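Engineer: The structure under discussion is supplied below as structure tokens; questions concerning it will follow.
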Amino acid sequence: MATREEIAEAYADWRGRSNANERLKKMARGWDRVIHFRTTDTAEGFTVEVRDQQLSDLAFGPADRPDVIVTATSEDLCDMFWGDLNPSERYMTGEITLAGSQHDVMRIDAMTMVAFLDR
Amino acid sequence: MGSVDRECEVVVVGAGFAGLAAARRLAADGVDVVVVEARERVGGRSWTDTTAAGATVERGGQWIGPTQHRLQALADELGVVTFPTYTAGQAVEWRDGARHLYSGLVPTSDPAAAAEGVAAILDLDLAAFEVPLDAPWTAAGAADLDATTLGGWLTDHVGAPAARAVIDVAVKAVFGAEPAELSLLFALFYLHAGGGLTTLARTTGGAQERRFVGGSQQLAVGMAAALGDRVVLSAPVEAVDHGDDHVVVAARRSDGAGWRARARRAVVAMPPAVSAQLRWSPPLPGVRDQLSMRMPMGAVTKVHALYDRPFWRDDGLNGQLVSDEGALCSTFDDSPPDGSHGAIVGFVAGDDCRRLERLGPAARRQAVLAELGRAFGQQAAAPLELVEQHWPAEVHTRGGPVAICVPGTFGALGPALREPVGPIHWAGTETATEWCGYMEGALSSGERAAAEVSSALGRGGGHGDGHP
């Protein structure tokens, strides 16, 4: 289990790398969305925004009408943020789930994979 | 007109999933329907067989995935249960003569190339979702999209050879064709109809998610059983005479005897390239005939290697292979649900399928076994049985898994896919707007054609505005 602080630290690393990644910036063009993360083991919730091809800082607490909801264990989220976990593996086993419109799910699925591969 | 063997209201040509679904729906509407089938079996491109050693193999379509609701409902109705495709462990990537293992959707031996591939597939799928399913030829820029190939698009959008190789493999496995053969407009439509290339390539969450215990053909057999003697087997239709309000189909039985059915309407449920071989009198309108001539079948050989046990699982492998060299472009674990024996199913597709056909069965077998050995270990090169289903040699289908559109066809002639010609209505998975090319699409196409016919005959179940 990962604490709030651990999640925030891992996310900050992911955000920094993602915001500097040209391929991800291109993939996020015109895709301004609110993404809510939910942990299954620690019942934590936090929200981030994609705006102008950049990830925002995270805000703990419930989200107001997110476009996409990502559900995973706190450990898997941290591992994904640190670049130690290929999220594609967890999507395929159903251990990480993505909820949202088909378009938005396709985007975040591809973008988190690219974030891992381009780490 | 001469004598006829069967008088009925509607004759359905082809007892694959599409034809049977049409007949079933028509029968439910109280229509007197007869299904004529060329083969001695029903199921069309779904064909569950038993090997000499007693193993069940799916020579044709075998998987069911999420959102294939008609197929699931039919399975539920017939009491056919499904089980998940085995996916635990790592997949094998064979690229540039070297073996790599990976987890997740795409091979990762060259991460930057894999990232480029994932980004390109997203671009492709997003473009696909812009193409309207019910009328792809009305898509923005349809003429330009139809004037180029998927291969051309990939050349423009994918630079890294490793990324291109992975996408090419997925395309070949999905279409049984090379990217260079496929109209971009058609390919985008097809991807949209199945939820995108990522969905079509996936096991869990995608088109290869689950399998049928006992095989998919049971669903066709179940539909046919309910139709009883309304299904006539071993009667290849050779000619169709049609007028404003009648159709006569003429078949040739295996004993050489002629067999004719006369009906008010017909549903032709076969791939366009097969319907084009019938003698039509009067000839079909130019647009329909031209379309049929320009929708070749894909080229695929489906290969099943059977072992005493699924030994690759001991090595942490899931039986999946993605390969840029040799015979097989992709494989999956095809073992029965209880793992009582081992089975790998693989696809030889596109140029490889044609090349190995020319070299002959022995050379193909050798190439397949060598590739299985490279991927899964020497034990894999010595299966107990190797069953090959070479679909281009099936005279009643002529290839597989689906008909494709070459450039310059779909945009101009696409509307003729479903447009009735007098009393002739068209079914078959190629005419589907959802899951085109799959069993789900075949079922929906049959139901759509049946609704057209019921409506034309003024029966229930149609669109409600039936006219005499």
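Just so we're on the same page: first chain in the structure tokens is A, next is B, and so on; residues restart at 1 for each chain, and ligands are numbered from 1 in the order they show up.
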Listing only residues of chain A within 9 Å of chain B, what is the closest atom pair and its distance in Å (to one decimal) for each, using only C-alpha atoms, sorted by chain and residue number ascending, as a tab-separated table?
Structural biologist:
residue	atom	partner	partner_atom	distance
A:Arg23	CA	B:Ala119	CA	7.8
A:Leu24	CA	B:Ala119	CA	8.5
A:Met27	CA	B:Ala119	CA	7.1
A:Asn86	CA	B:Gly104	CA	7.0
A:Pro87	CA	B:Gly104	CA	7.7
A:Ser88	CA	B:Gly104	CA	4.7
A:Glu89	CA	B:Gly104	CA	4.2
A:Arg90	CA	B:Gly104	CA	7.8
A:Tyr91	CA	B:Gly104	CA	8.1
A:Met92	CA	B:Thr204	CA	5.5
A:Thr93	CA	B:Thr204	CA	7.1
A:Gly94	CA	B:Thr204	CA	8.3
A:Gln102	CA	B:Gly195	CA	8.6
A:His103	CA	B:Leu126	CA	7.5
A:Met106	CA	B:Leu122	CA	7.2
A:Arg107	CA	B:Leu122	CA	7.0
A:Ala110	CA	B:Val118	CA	6.0
A:Met111	CA	B:Ala119	CA	7.6
A:Met113	CA	B:Ala115	CA	7.3
A:Val114	CA	B:Ala115	CA	4.8
A:Ala115	CA	B:Ala115	CA	8.0
A:Phe116	CA	B:Ala115	CA	8.4
A:Leu117	CA	B:Pro111	CA	4.9
A:Asp118	CA	B:Ala112	CA	5.7
A:Arg119	CA	B:Pro111	CA	8.7
Engineer: Could you give me, as a VMD selection string, the residues within 9 Å of segment 232-247 of chain B, counting only C-alpha atoms and dropping anything in the same chain fewer than 5 positions from it?
Structural biologist: chain B and resid 10 to 11 13 to 15 34 to 42 252 to 254 258 to 266 277 to 282 396 422 to 424
Engineer: Could you save those same residues with C-alpha atoms as a CSV table (one decimal), in the first residue's frame?
Structural biologist:
chain,number,residue,atom,x,y,z
B,10,VAL,CA,-38.1,-16.7,-49.4
B,11,VAL,CA,-35.0,-18.7,-50.4
B,13,VAL,CA,-28.6,-18.9,-50.3
B,14,GLY,CA,-25.9,-19.9,-47.8
B,15,ALA,CA,-26.2,-21.6,-44.4
B,34,VAL,CA,-35.8,-22.5,-47.3
B,35,VAL,CA,-32.0,-22.3,-46.9
B,36,VAL,CA,-29.8,-23.8,-49.6
B,37,GLU,CA,-26.3,-24.6,-48.7
B,38,ALA,CA,-23.4,-25.8,-51.0
B,39,ARG,CA,-21.5,-27.7,-48.4
B,40,GLU,CA,-22.6,-30.9,-46.6
B,41,ARG,CA,-22.4,-28.9,-43.3
B,42,VAL,CA,-23.7,-25.6,-42.0
B,252,ARG,CA,-26.6,-29.0,-58.5
B,253,ARG,CA,-26.7,-31.9,-56.0
B,254,SER,CA,-23.7,-34.0,-55.4
B,258,GLY,CA,-30.5,-30.4,-60.6
B,259,TRP,CA,-32.5,-28.9,-57.7
B,260,ARG,CA,-34.6,-25.7,-58.0
B,261,ALA,CA,-36.4,-23.5,-55.6
B,262,ARG,CA,-38.9,-20.8,-56.5
B,263,ALA,CA,-39.6,-17.9,-54.1
B,264,ARG,CA,-40.9,-14.4,-54.0
B,265,ARG,CA,-37.6,-13.1,-52.4
B,266,ALA,CA,-34.1,-14.3,-51.9
B,277,GLN,CA,-19.6,-16.7,-59.6
B,278,LEU,CA,-23.3,-17.5,-59.9
B,279,ARG,CA,-25.0,-17.2,-63.3
B,280,TRP,CA,-27.4,-14.2,-62.8
B,281,SER,CA,-30.3,-13.8,-65.2
B,282,PRO,CA,-30.8,-11.0,-65.9
B,396,HIS,CA,-17.4,-22.1,-51.5
B,422,GLY,CA,-35.3,-6.4,-57.3
B,423,PRO,CA,-36.2,-9.4,-55.1
B,424,ILE,CA,-32.6,-10.1,-54.1
Engineer: Give me, please, the distance in Å between atom CA of Thr85 of chain B and atom CA of Tyr190 of chain B, quoted to one decimal.
Structural biologist: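 Between atom CA of Thr85 of chain B and atom CA of Tyr190 of chain B the gap works out to 23.3 Å.
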Engineer: DSSP says alpha helix (DSSP H) for which residues of segment 292-417 of chain B? Put them as JSON, numbers by chain?
Structural biologist: {"B": [292, 293, 351, 352, 353, 354, 355, 356, 357, 358, 359, 361, 362, 363, 364, 365, 366, 367, 368, 369, 370, 371, 372, 373, 374, 375, 376, 410, 411, 412, 413]}
Engineer: Excluding Leu443 of chain B and any residue of its chain fewer than 4 positions from it, enumerate the residues within 9 Å of it, using only C-alpha atoms, and give them as a list of chain:residue names.
Structural biologist: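 Counting only C-alpha atoms, the residues come to B:Phe17, B:Ala18, B:Gly19, B:Leu20, B:Ala21, B:Ala22, B:Arg70, B:Leu71, B:Gly428, B:Thr429, B:Ala432, B:Tyr438, B:Met439, B:Glu447, B:Arg448.
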Engineer: Tell me which of B:Leu219, B:Ala53, B:Ala427, B:Leu133 sits closest to Ser445 of chain B, counting only C-alpha atoms.
Structural biologist: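 Going through B:Leu219, B:Ala53, B:Ala427, B:Leu133 one by one, the smallest distance to Ser445 of chain B is for B:Ala427.
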Engineer: What is the atom CA of Gln218 of chain B to atom CA of Thr50 of chain B distance in Å?
Structural biologist: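 Here the two named atoms are 13.0 Å from each other.
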Engineer: Please identify the strand (DSSP E or B) residues within segment 7-239 of chain B (assignment by DSSP from backbone atoms) and present them as a PyMOL selection string.
Structural biologist: chain B and resi 7+10-13+16+33-36+43+48-50+56-58+63-64+82-84+90-95+98-102+149+183+210-212+231-232+237-239
Engineer: Give me the segment 39-114 of chain A side of the contact with segment 10-19 of chain A, cut-off 6 Å, one line per residue showing its nearest atom pair and distance in Å at one decimal, counting only C-alpha atoms, sorted by chain and residue number, as JSON lines.
Structural biologist:
{"residue": "A:Gln54", "atom": "CA", "partner": "A:Asn19", "partner_atom": "CA", "distance": 5.4}
{"residue": "A:Cys78", "atom": "CA", "partner": "A:Ala10", "partner_atom": "CA", "distance": 5.6}
{"residue": "A:Phe81", "atom": "CA", "partner": "A:Trp14", "partner_atom": "CA", "distance": 4.9}
{"residue": "A:Trp82", "atom": "CA", "partner": "A:Ala10", "partner_atom": "CA", "distance": 5.5}
Engineer: Save the residues we just selected, C-alpha atoms, as a compact mmCIF listing (two decimals), in the first residue's frame?
Structural biologist:
# COMPACT_ATOMS: atom_id res chain seq x y z
CA GLN A 54 0.22 19.51 -19.99
CA CYS A 78 2.83 4.35 -7.94
CA PHE A 81 3.94 6.67 -12.24
CA TRP A 82 7.56 5.70 -11.52
Engineer: To one decimal place in Å, what is the distance between atom CA of Gly194 of chain B and atom CA of Ser444 of chain B?
Structural biologist: 13.2 Å
Engineer: Choose the residue, out of A:Asp57, A:Glu6, A:Asp52, A:Asp109, that has the smallest atom-to-atom separation from Gly30 of chain A; count only C-alpha atoms.
Structural biologist: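 Of A:Asp57, A:Glu6, A:Asp52, A:Asp109, the one nearest Gly30 of chain A, counting only C-alpha atoms, is A:Asp52.
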Engineer: As number ranges by chain, please: the residues near Leu98 of chain A (cut-off 9 Å, only C-alpha atoms, same-chain neighbours under 2 positions excluded).
Structural biologist: A: 68-71, 91, 96, 100, 105, 108-109
Engineer: Given the selection you just returned, output its residues as a file containing C-alpha atoms, formatted as an mmCIF file, in the first residue's frame.
Structural biologist:
data_model
loop_
_atom_site.group_PDB
_atom_site.id
_atom_site.type_symbol
_atom_site.label_atom_id
_atom_site.label_comp_id
_atom_site.auth_asym_id
_atom_site.auth_seq_id
_atom_site.Cartn_x
_atom_site.Cartn_y
_atom_site.Cartn_z
ATOM 1 C CA VAL A 68 -12.038 9.355 -17.259
ATOM 2 C CA ILE A 69 -11.802 7.320 -14.060
ATOM 3 C CA VAL A 70 -8.729 5.152 -13.522
ATOM 4 C CA THR A 71 -9.067 2.489 -10.833
ATOM 5 C CA TYR A 91 -5.423 -3.366 -18.316
ATOM 6 C CA ILE A 96 -6.332 -1.456 -13.750
ATOM 7 C CA GLY A 100 -15.100 6.879 -19.746
ATOM 8 C CA VAL A 105 -10.389 5.400 -22.827
ATOM 9 C CA ILE A 108 -5.507 7.319 -21.980
ATOM 10 C CA ASP A 109 -4.785 3.648 -22.685
#
